[in-house]
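Student: So that you have it, the file is protein00.pdb, and it contains PDB, C-alpha atoms:
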ATOM      1  CA  MET A 154      94.593  88.674 107.882
ATOM      2  CA  SER A 155      91.182  90.020 106.892
ATOM      3  CA  ASP A 156      90.359  93.485 108.205
ATOM      4  CA  THR A 157      86.602  92.956 107.974
ATOM      5  CA  ILE A 158      84.388  93.605 110.994
ATOM      6  CA  LEU A 159      81.184  91.620 111.511
ATOM      7  CA  VAL A 160      78.622  92.973 113.965
ATOM      8  CA  THR A 161      75.959  90.560 115.225
ATOM      9  CA  GLY A 162      72.548  91.851 116.249
ATOM     10  CA  ALA A 163      72.876  94.467 113.514
ATOM     11  CA  SER A 164      69.129  95.083 113.384
ATOM     12  CA  GLY A 165      69.067  95.982 117.089
ATOM     13  CA  HIS A 166      69.614  99.438 118.580
ATOM     14  CA  LEU A 167      73.212  98.905 119.705
ATOM     15  CA  GLY A 168      74.341  96.901 116.679
ATOM     16  CA  GLN A 169      72.939  99.454 114.239
ATOM     17  CA  ALA A 170      74.533 102.306 116.159
ATOM     18  CA  VAL A 171      77.942 100.602 116.181
ATOM     19  CA  ILE A 172      77.813 100.150 112.408
ATOM     20  CA  THR A 173      76.700 103.762 111.926
ATOM     21  CA  HIS A 174      79.679 104.977 113.939
ATOM     22  CA  LEU A 175      82.069 102.679 112.091
ATOM     23  CA  LEU A 176      80.901 104.255 108.843
ATOM     24  CA  ASP A 177      80.485 107.868 109.913
ATOM     25  CA  SER A 178      82.608 108.588 112.986
ATOM     26  CA  GLN A 179      85.475 106.218 112.182
ATOM     27  CA  GLY A 180      85.379 106.413 108.396
ATOM     28  CA  VAL A 181      85.591 102.647 107.939
ATOM     29  CA  ALA A 182      84.907 101.642 104.346
ATOM     30  CA  PRO A 183      81.543  99.882 103.880
ATOM     31  CA  SER A 184      83.368  97.034 102.152
ATOM     32  CA  ARG A 185      85.059  96.203 105.483
ATOM     33  CA  ILE A 186      81.791  95.936 107.424
ATOM     34  CA  ILE A 187      79.446  92.965 107.621
ATOM     35  CA  ALA A 188      76.062  93.293 109.307
ATOM     36  CA  GLY A 189      74.784  90.074 110.853
ATOM     37  CA  THR A 190      71.200  89.349 111.865
ATOM     38  CA  ARG A 191      68.613  86.590 111.697
ATOM     39  CA  ASN A 192      66.532  88.506 109.155
ATOM     40  CA  THR A 193      68.694  90.391 106.660
ATOM     41  CA  ASP A 194      65.586  91.932 105.036
ATOM     42  CA  LYS A 195      65.616  94.416 107.916
ATOM     43  CA  LEU A 196      69.008  95.781 106.841
ATOM     44  CA  SER A 197      68.295  96.991 103.320
ATOM     45  CA  ALA A 198      69.369 100.535 104.246
ATOM     46  CA  LEU A 199      72.827  99.279 105.242
ATOM     47  CA  ALA A 200      73.085  97.174 102.097
ATOM     48  CA  ALA A 201      72.362 100.296 100.065
ATOM     49  CA  LYS A 202      75.439 101.874 101.662
ATOM     50  CA  GLY A 203      77.636  98.995 100.553
ATOM     51  CA  VAL A 204      77.632  97.035 103.811
ATOM     52  CA  ALA A 205      77.578  93.262 103.319
ATOM     53  CA  LEU A 206      74.769  91.312 104.981
ATOM     54  CA  ARG A 207      74.981  87.819 106.459
ATOM     55  CA  LYS A 208      72.420  85.717 108.258
ATOM     56  CA  VAL A 209      73.530  85.172 111.845
ATOM     57  CA  ASP A 210      71.370  82.871 113.955
ATOM     58  CA  PHE A 211      72.770  81.999 117.382
ATOM     59  CA  ASP A 212      70.739  78.788 117.354
ATOM     60  CA  ASP A 213      72.314  77.554 114.085
ATOM     61  CA  ALA A 214      75.886  76.417 114.829
ATOM     62  CA  ALA A 215      76.710  75.442 111.236
ATOM     63  CA  GLY A 216      75.235  78.679 109.946
ATOM     64  CA  LEU A 217      77.298  80.690 112.426
ATOM     65  CA  GLU A 218      80.550  79.144 111.232
ATOM     66  CA  LYS A 219      79.580  79.930 107.640
ATOM     67  CA  ALA A 220      78.642  83.505 108.566
ATOM     68  CA  PHE A 221      81.974  84.089 110.334
ATOM     69  CA  ALA A 222      84.129  82.580 107.571
ATOM     70  CA  GLY A 223      86.846  84.953 106.342
ATOM     71  CA  VAL A 224      86.038  87.602 108.950
ATOM     72  CA  GLY A 225      88.790  89.447 110.818
ATOM     73  CA  THR A 226      86.857  90.697 113.869
ATOM     74  CA  VAL A 227      83.504  89.490 115.152
ATOM     75  CA  LEU A 228      81.586  91.638 117.619
ATOM     76  CA  ILE A 229      79.131  89.466 119.529
ATOM     77  CA  VAL A 230      76.375  91.742 120.764
ATOM     78  CA  SER A 231      74.880  89.913 123.726
ATOM     79  CA  THR A 232      71.420  88.476 123.142
ATOM     80  CA  ASP A 233      68.290  89.354 125.105
ATOM     81  CA  ALA A 234      67.461  85.842 126.259
ATOM     82  CA  LEU A 235      66.210  86.105 129.852
ATOM     83  CA  ASP A 236      64.261  82.869 130.162
ATOM     84  CA  GLY A 237      66.374  81.586 133.026
ATOM     85  CA  ALA A 238      67.101  78.356 131.170
ATOM     86  CA  GLY A 239      70.642  79.190 130.118
ATOM     87  CA  THR A 240      69.613  80.189 126.596
ATOM     88  CA  ARG A 241      71.773  83.306 126.455
ATOM     89  CA  LEU A 242      74.979  81.604 127.590
ATOM     90  CA  ARG A 243      74.353  78.634 125.298
ATOM     91  CA  GLN A 244      73.887  80.977 122.335
ATOM     92  CA  HIS A 245      76.991  82.975 123.171
ATOM     93  CA  LYS A 246      79.130  79.873 123.551
ATOM     94  CA  ALA A 247      77.876  78.630 120.182
ATOM     95  CA  ALA A 248      78.948  81.905 118.577
ATOM     96  CA  VAL A 249      82.369  81.790 120.251
ATOM     97  CA  ALA A 250      82.927  78.181 119.142
ATOM     98  CA  ALA A 251      81.873  79.017 115.591
ATOM     99  CA  ALA A 252      84.253  81.973 115.480
ATOM    100  CA  LYS A 253      87.099  79.727 116.625
ATOM    101  CA  LYS A 254      86.316  77.147 113.941
ATOM    102  CA  ALA A 255      86.011  79.837 111.285
ATOM    103  CA  GLY A 256      89.470  81.185 112.075
ATOM    104  CA  VAL A 257      88.356  84.628 113.228
ATOM    105  CA  ALA A 258      91.357  86.758 114.195
ATOM    106  CA  ARG A 259      89.721  88.804 116.977
ATOM    107  CA  LEU A 260      86.622  88.439 119.134
ATOM    108  CA  ALA A 261      84.739  91.306 120.737
ATOM    109  CA  TYR A 262      81.820  91.076 123.159
ATOM    110  CA  THR A 263      79.369  93.340 124.985
ATOM    111  CA  SER A 264      79.324  92.383 128.667
ATOM    112  CA  LEU A 265      78.467  94.231 131.896
ATOM    113  CA  PRO A 266      80.560  95.739 134.715
ATOM    114  CA  VAL A 267      82.289  93.398 137.184
ATOM    115  CA  PRO A 268      80.529  90.204 136.030
ATOM    116  CA  GLU A 269      82.707  88.265 138.487
ATOM    117  CA  THR A 270      80.817  89.728 141.469
ATOM    118  CA  SER A 271      77.802  91.522 140.001
ATOM    119  CA  ARG A 272      74.450  90.788 141.645
ATOM    120  CA  VAL A 273      72.573  91.247 138.367
ATOM    121  CA  SER A 274      70.761  87.942 137.822
ATOM    122  CA  PHE A 275      72.215  87.339 134.363
ATOM    123  CA  ALA A 276      75.796  88.353 135.205
ATOM    124  CA  PRO A 277      76.875  84.672 135.146
ATOM    125  CA  ASP A 278      75.896  84.547 131.463
ATOM    126  CA  HIS A 279      78.298  87.385 130.726
ATOM    127  CA  LEU A 280      81.072  85.956 132.864
ATOM    128  CA  GLY A 281      80.667  82.570 131.232
ATOM    129  CA  THR A 282      80.870  84.152 127.795
ATOM    130  CA  GLU A 283      83.984  86.112 128.714
ATOM    131  CA  GLU A 284      85.611  82.922 129.989
ATOM    132  CA  ALA A 285      84.695  81.057 126.802
ATOM    133  CA  ILE A 286      86.227  83.822 124.708
ATOM    134  CA  LYS A 287      89.446  83.827 126.719
ATOM    135  CA  ALA A 288      89.675  80.039 126.462
ATOM    136  CA  THR A 289      89.885  80.229 122.649
ATOM    137  CA  GLY A 290      93.265  81.967 122.799
ATOM    138  CA  ILE A 291      92.001  84.475 120.231
ATOM    139  CA  PRO A 292      92.809  88.162 120.932
ATOM    140  CA  TYR A 293      89.705  89.800 122.380
ATOM    141  CA  LEU A 294      88.033  93.081 123.212
ATOM    142  CA  LEU A 295      85.575  92.979 126.109
ATOM    143  CA  PHE A 296      83.195  95.909 126.453
ATOM    144  CA  ARG A 297      81.668  95.929 129.921
ATOM    145  CA  ASP A 298      78.762  98.294 129.370
ATOM    146  CA  SER A 299      77.181 100.146 132.258
ATOM    147  CA  TRP A 300      73.435 100.852 132.378
ATOM    148  CA  TYR A 301      72.053 102.852 129.465
ATOM    149  CA  LEU A 302      70.508 106.217 130.216
ATOM    150  CA  GLU A 303      67.634 104.859 128.125
ATOM    151  CA  ASN A 304      66.963 102.297 130.886
ATOM    152  CA  LEU A 305      65.463 105.140 132.903
ATOM    153  CA  PHE A 306      62.431 104.957 130.616
ATOM    154  CA  MET A 307      61.556 101.735 132.446
ATOM    155  CA  SER A 308      61.126 103.444 135.793
ATOM    156  CA  LEU A 309      61.009 107.237 135.748
ATOM    157  CA  PRO A 310      57.832 107.918 133.683
ATOM    158  CA  ASN A 311      55.627 105.826 135.970
ATOM    159  CA  ALA A 312      57.396 107.151 139.050
ATOM    160  CA  LEU A 313      56.831 110.747 137.987
ATOM    161  CA  LYS A 314      53.209 109.945 137.181
ATOM    162  CA  SER A 315      52.563 108.541 140.645
ATOM    163  CA  GLY A 316      54.962 110.841 142.473
ATOM    164  CA  GLN A 317      56.765 107.908 144.091
ATOM    165  CA  TRP A 318      59.798 105.867 143.010
ATOM    166  CA  TYR A 319      60.059 102.538 144.798
ATOM    167  CA  THR A 320      63.590 101.164 145.032
ATOM    168  CA  SER A 321      65.803  98.894 147.094
ATOM    169  CA  ALA A 322      69.003 100.454 145.735
ATOM    170  CA  ALA A 323      69.491 102.502 148.943
ATOM    171  CA  ASP A 324      72.403 104.908 148.458
ATOM    172  CA  GLY A 325      74.055 102.842 145.740
ATOM    173  CA  LYS A 326      75.027 104.684 142.577
ATOM    174  CA  THR A 327      74.705 103.995 138.864
ATOM    175  CA  SER A 328      77.031 105.427 136.210
ATOM    176  CA  TYR A 329      74.437 105.793 133.470
ATOM    177  CA  VAL A 330      75.722 106.302 129.926
ATOM    178  CA  ALA A 331      73.909 106.940 126.646
ATOM    179  CA  ARG A 332      73.631 103.915 124.387
ATOM    180  CA  ASP A 333      74.929 105.958 121.455
ATOM    181  CA  ASP A 334      78.028 106.940 123.441
ATOM    182  CA  ILE A 335      78.685 103.258 124.125
ATOM    183  CA  ALA A 336      78.215 102.473 120.436
ATOM    184  CA  ALA A 337      80.652 105.221 119.481
ATOM    185  CA  ALA A 338      83.219 103.850 121.941
ATOM    186  CA  ILE A 339      82.859 100.298 120.663
ATOM    187  CA  ALA A 340      83.218 101.502 117.078
ATOM    188  CA  GLY A 341      86.352 103.408 118.040
ATOM    189  CA  ALA A 342      87.945 100.308 119.530
ATOM    190  CA  LEU A 343      86.938  98.080 116.615
ATOM    191  CA  ALA A 344      88.336 100.528 114.074
ATOM    192  CA  ASN A 345      91.547 101.117 116.034
ATOM    193  CA  PRO A 346      92.134  97.957 118.076
ATOM    194  CA  PRO A 347      95.075  97.486 120.422
ATOM    195  CA  ALA A 348      97.823  95.052 119.496
ATOM    196  CA  GLY A 349      96.578  92.430 121.939
ATOM    197  CA  SER A 350      93.540  91.899 124.132
ATOM    198  CA  ALA A 351      91.797  94.542 126.225
ATOM    199  CA  THR A 352      88.887  94.926 128.616
ATOM    200  CA  TYR A 353      87.033  98.236 128.748
ATOM    201  CA  THR A 354      84.382  99.321 131.246
ATOM    202  CA  LEU A 355      82.124 101.760 129.433
ATOM    203  CA  THR A 356      80.432 104.156 131.851
ATOM    204  CA  GLY A 357      79.233 107.704 132.118
ATOM    205  CA  ASP A 358      81.388 110.447 133.602
ATOM    206  CA  GLU A 359      79.532 110.447 136.927
ATOM    207  CA  ALA A 360      77.500 108.059 139.075
ATOM    208  CA  PHE A 361      74.233 109.005 140.795
ATOM    209  CA  THR A 362      72.015 107.636 143.552
ATOM    210  CA  ASN A 363      68.318 107.255 142.804
ATOM    211  CA  ASP A 364      67.633 110.134 145.183
ATOM    212  CA  GLN A 365      69.920 112.368 143.128
ATOM    213  CA  ILE A 366      68.294 111.233 139.891
ATOM    214  CA  ALA A 367      64.815 111.833 141.324
ATOM    215  CA  ALA A 368      65.749 115.346 142.439
ATOM    216  CA  LEU A 369      67.124 116.200 139.022
ATOM    217  CA  ALA A 370      64.135 114.683 137.219
ATOM    218  CA  SER A 371      61.771 116.627 139.468
ATOM    219  CA  GLU A 372      63.667 119.861 138.807
ATOM    220  CA  ILE A 373      63.605 119.376 135.038
ATOM    221  CA  THR A 374      59.994 118.167 134.687
ATOM    222  CA  GLY A 375      58.501 120.305 137.446
ATOM    223  CA  LYS A 376      56.804 117.221 138.901
ATOM    224  CA  PRO A 377      57.362 116.147 142.522
ATOM    225  CA  LEU A 378      59.033 112.777 143.009
ATOM    226  CA  GLN A 379      59.617 111.027 146.332
ATOM    227  CA  VAL A 380      61.989 108.072 146.538
ATOM    228  CA  VAL A 381      60.579 105.293 148.702
ATOM    229  CA  HIS A 382      63.323 103.004 150.013
ATOM    230  CA  LEU A 383      62.390  99.354 150.425
ATOM    231  CA  THR A 384      64.052  96.005 151.006
ATOM    232  CA  ASP A 385      64.456  93.635 148.081
ATOM    233  CA  GLU A 386      61.616  91.525 149.471
ATOM    234  CA  GLN A 387      59.298  94.528 149.778
ATOM    235  CA  LEU A 388      60.155  95.650 146.266
ATOM    236  CA  ALA A 389      59.428  92.182 144.881
ATOM    237  CA  GLY A 390      56.129  92.076 146.743
ATOM    238  CA  GLY A 391      55.118  95.469 145.396
ATOM    239  CA  MET A 392      55.920  94.411 141.852
ATOM    240  CA  LYS A 393      53.835  91.252 142.252
ATOM    241  CA  ALA A 394      50.916  93.272 143.613
ATOM    242  CA  ALA A 395      51.212  95.649 140.676
ATOM    243  CA  GLY A 396      50.872  92.790 138.217
ATOM    244  CA  VAL A 397      54.465  92.477 137.066
ATOM    245  CA  PRO A 398      54.984  88.949 135.640
ATOM    246  CA  GLU A 399      56.475  86.838 138.407
ATOM    247  CA  ALA A 400      59.084  85.293 136.095
ATOM    248  CA  ILE A 401      60.884  88.606 135.596
ATOM    249  CA  ILE A 402      60.557  90.041 139.113
ATOM    250  CA  PRO A 403      63.820  88.482 140.400
ATOM    251  CA  THR A 404      65.731  89.984 137.481
ATOM    252  CA  LEU A 405      64.224  93.434 137.995
ATOM    253  CA  VAL A 406      64.947  93.338 141.719
ATOM    254  CA  SER A 407      68.510  92.193 141.023
ATOM    255  CA  PHE A 408      69.155  95.484 139.241
ATOM    256  CA  ASP A 409      68.526  97.353 142.502
ATOM    257  CA  THR A 410      70.515  94.793 144.478
ATOM    258  CA  ALA A 411      73.459  95.265 142.120
ATOM    259  CA  THR A 412      73.191  99.031 142.447
ATOM    260  CA  ARG A 413      73.047  98.883 146.244
ATOM    261  CA  THR A 414      76.114  96.645 146.426
ATOM    262  CA  GLY A 415      78.220  98.839 144.141
ATOM    263  CA  GLY A 416      78.113  96.776 140.971
ATOM    264  CA  LEU A 417      76.914  99.582 138.717
ATOM    265  CA  GLY A 418      78.635 102.613 140.208
ATOM    266  CA  THR A 419      82.074 102.317 138.628
ATOM    267  CA  VAL A 420      83.212 105.388 136.688
ATOM    268  CA  THR A 421      85.984 105.175 134.091
ATOM    269  CA  GLY A 422      87.220 107.334 131.240
ATOM    270  CA  ASP A 423      87.057 104.489 128.712
ATOM    271  CA  THR A 424      83.902 105.645 126.919
ATOM    272  CA  ALA A 425      85.145 109.153 126.212
ATOM    273  CA  LYS A 426      88.635 107.932 125.325
ATOM    274  CA  LEU A 427      87.466 105.352 122.791
ATOM    275  CA  SER A 428      84.691 107.468 121.293
ATOM    276  CA  GLY A 429      86.782 110.639 121.162
ATOM    277  CA  ARG A 430      83.840 112.792 122.136
ATOM    278  CA  LYS A 431      82.098 114.436 125.095
ATOM    279  CA  LEU A 432      79.537 112.158 126.676
ATOM    280  CA  GLN A 433      75.884 113.045 127.112
ATOM    281  CA  THR A 434      75.199 113.908 130.737
ATOM    282  CA  LEU A 435      72.247 112.790 132.838
ATOM    283  CA  ARG A 436      70.930 116.364 132.923
ATOM    284  CA  GLU A 437      71.182 116.652 129.146
ATOM    285  CA  PHE A 438      69.402 113.339 128.665
ATOM    286  CA  LEU A 439      66.559 114.183 131.038
ATOM    287  CA  THR A 440      66.159 117.623 129.469
ATOM    288  CA  ALA A 441      66.131 116.248 125.916
ATOM    289  CA  ASN A 442      63.449 113.720 126.900
ATOM    290  CA  LYS A 443      61.505 115.949 129.280
ATOM    291  CA  ALA A 444      58.173 115.405 127.530
ATOM    292  CA  ALA A 445      58.503 111.626 127.547
ATOM    293  CA  PHE A 446      59.386 111.525 131.236
ATOM    294  CA  ALA A 447      56.760 114.035 132.297
ATOM    295  CA  GLY A 448      54.018 112.323 130.311
TER     296      GLY A 448
END
As structure tokens, how would this structure be written, given the file I've shared?
Tutor:
Amino acid sequence: MSDTILVTGASGHLGQAVITHLLDSQGVAPSRIIAGTRNTDKLSALAAKGVALRKVDFDDAAGLEKAFAGVGTVLIVSTDALDGAGTRLRQHKAAVAAAKKAGVARLAYTSLPVPETSRVSFAPDHLGTEEAIKATGIPYLLFRDSWYLENLFMSLPNALKSGQWYTSAADGKTSYVARDDIAAAIAGALANPPAGSATYTLTGDEAFTNDQIAALASEITGKPLQVVHLTDEQLAGGMKAAGVPEAIIPTLVSFDTATRTGGLGTVTGDTAKLSGRKLQTLREFLTANKAAFAG
């Protein structure tokens, strides 16, 4: 059986970080790693390190099978398709089917916590992908990634600028985790996989309410921040009034709904165990990015 590891989305933040950790943290030989992306010209730096490059286009079924040929493990990094037309799930299923046809020995996938019950609008895409993977009968590794600490860049800078953070998350908590810590954990599992299949929920060491995050952000930046609690409907209305594109408002609101209903507050030790390192804390992240958050 081939011991090669192919990472899709290798030109993206998570894919690149996983490959970096395979090479550096896990000491995997470059000859065992294949970086997959639609445009391999973006990966010249990896090629210079001895990493093989293959074109991976989720909309090209025949090309996917060719790209996966002879590969031991394929990590499918979930795509960013949020058009509401089923694009993401269709792409993922195409990749899973191609891996099956190519004779891949192990499938790995980046999902999200509790996709069975999550209120995140695109959770069904992840659940459908997980089910498709399980249906192949191929040993699998499912990485259910919690929210990145980096996601706070979408809300906190503007909130700190205005002094108000509008949310419908109530007292729900989120176990934020640094993207690089997730990448290190995934690399650890890919380099040292279990004998069979496994599902990991990759979270931070602690979960926080938005009120707790606001208090900490205010302390670190020195800027006052009041959390304004709304209903989902009020939050959606405020976003529309602020000019947020209507097509993405339901997805953005679903993040708060999921938080309020407990879908993002799970805390496990999987990330630290697989990565073998201490995780970056919320305080450390906010402090390191103080200037960006404070404007």
Student: Ranking A:Phe408, A:Phe306, A:Lys253, A:Gly203 by minimum distance to A:Glu218 and counting all atoms listed in the file, which one comes first?
Tutor: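 Result for the nearest residue to A:Glu218: A:Lys253.
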Student: Given the file shown, enumerate the residues that the PyMOL selection byres ((chain A and resi 342-344) around 8) captures and present them as a ChimeraX atom specification.
Tutor: /A:158,175,179,181,226,338-341,345-347,427
Student: Every residue with an atom at most 12 Å from (75.2, 82.4, 135.0) (file coordinates; only C-alpha atoms) is what I'm after, so could you write them as a list in words?
Tutor: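 Those residues lying close to the given coordinates are Leu235, Asp236, Gly237, Ala238, Gly239, Thr240, Arg241, Leu242, Arg243, His245, Pro268, Glu269, Thr270, Ser271, Arg272, Val273, Ser274, Phe275, Ala276, Pro277, Asp278, His279, Leu280, Gly281, Thr282, Glu283 and Glu284 of chain A.
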Student: Which residues match the PyMOL selection byres ((chain A and resi 219) around 12) in the file above, as a PyMOL selection string?
Tutor: chain A and resi 189+207-210+213-218+220-224+248+251-257
Student: Between atom CA of A:Thr327 and atom CA of A:Gly162, what is the distance, to one decimal in Å?
Tutor: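 Computing it gives 25.8 Å between the two atoms.
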Student: For a quick check of understanding, using only C-alpha atoms, which of A:Ala367, A:Ile291, A:Ile229, A:Ala205 has the smallest distance to A:Gly168?
Tutor: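 Closest to A:Gly168, using only C-alpha atoms: A:Ile229.
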Student: Just to confirm, what's the straight-line distance from atom CA of A:His382 to atom CA of A:Gly396 in Å (one decimal)?
Tutor: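 Taking atom CA of A:His382 and atom CA of A:Gly396, their separation equals 20.0 Å.
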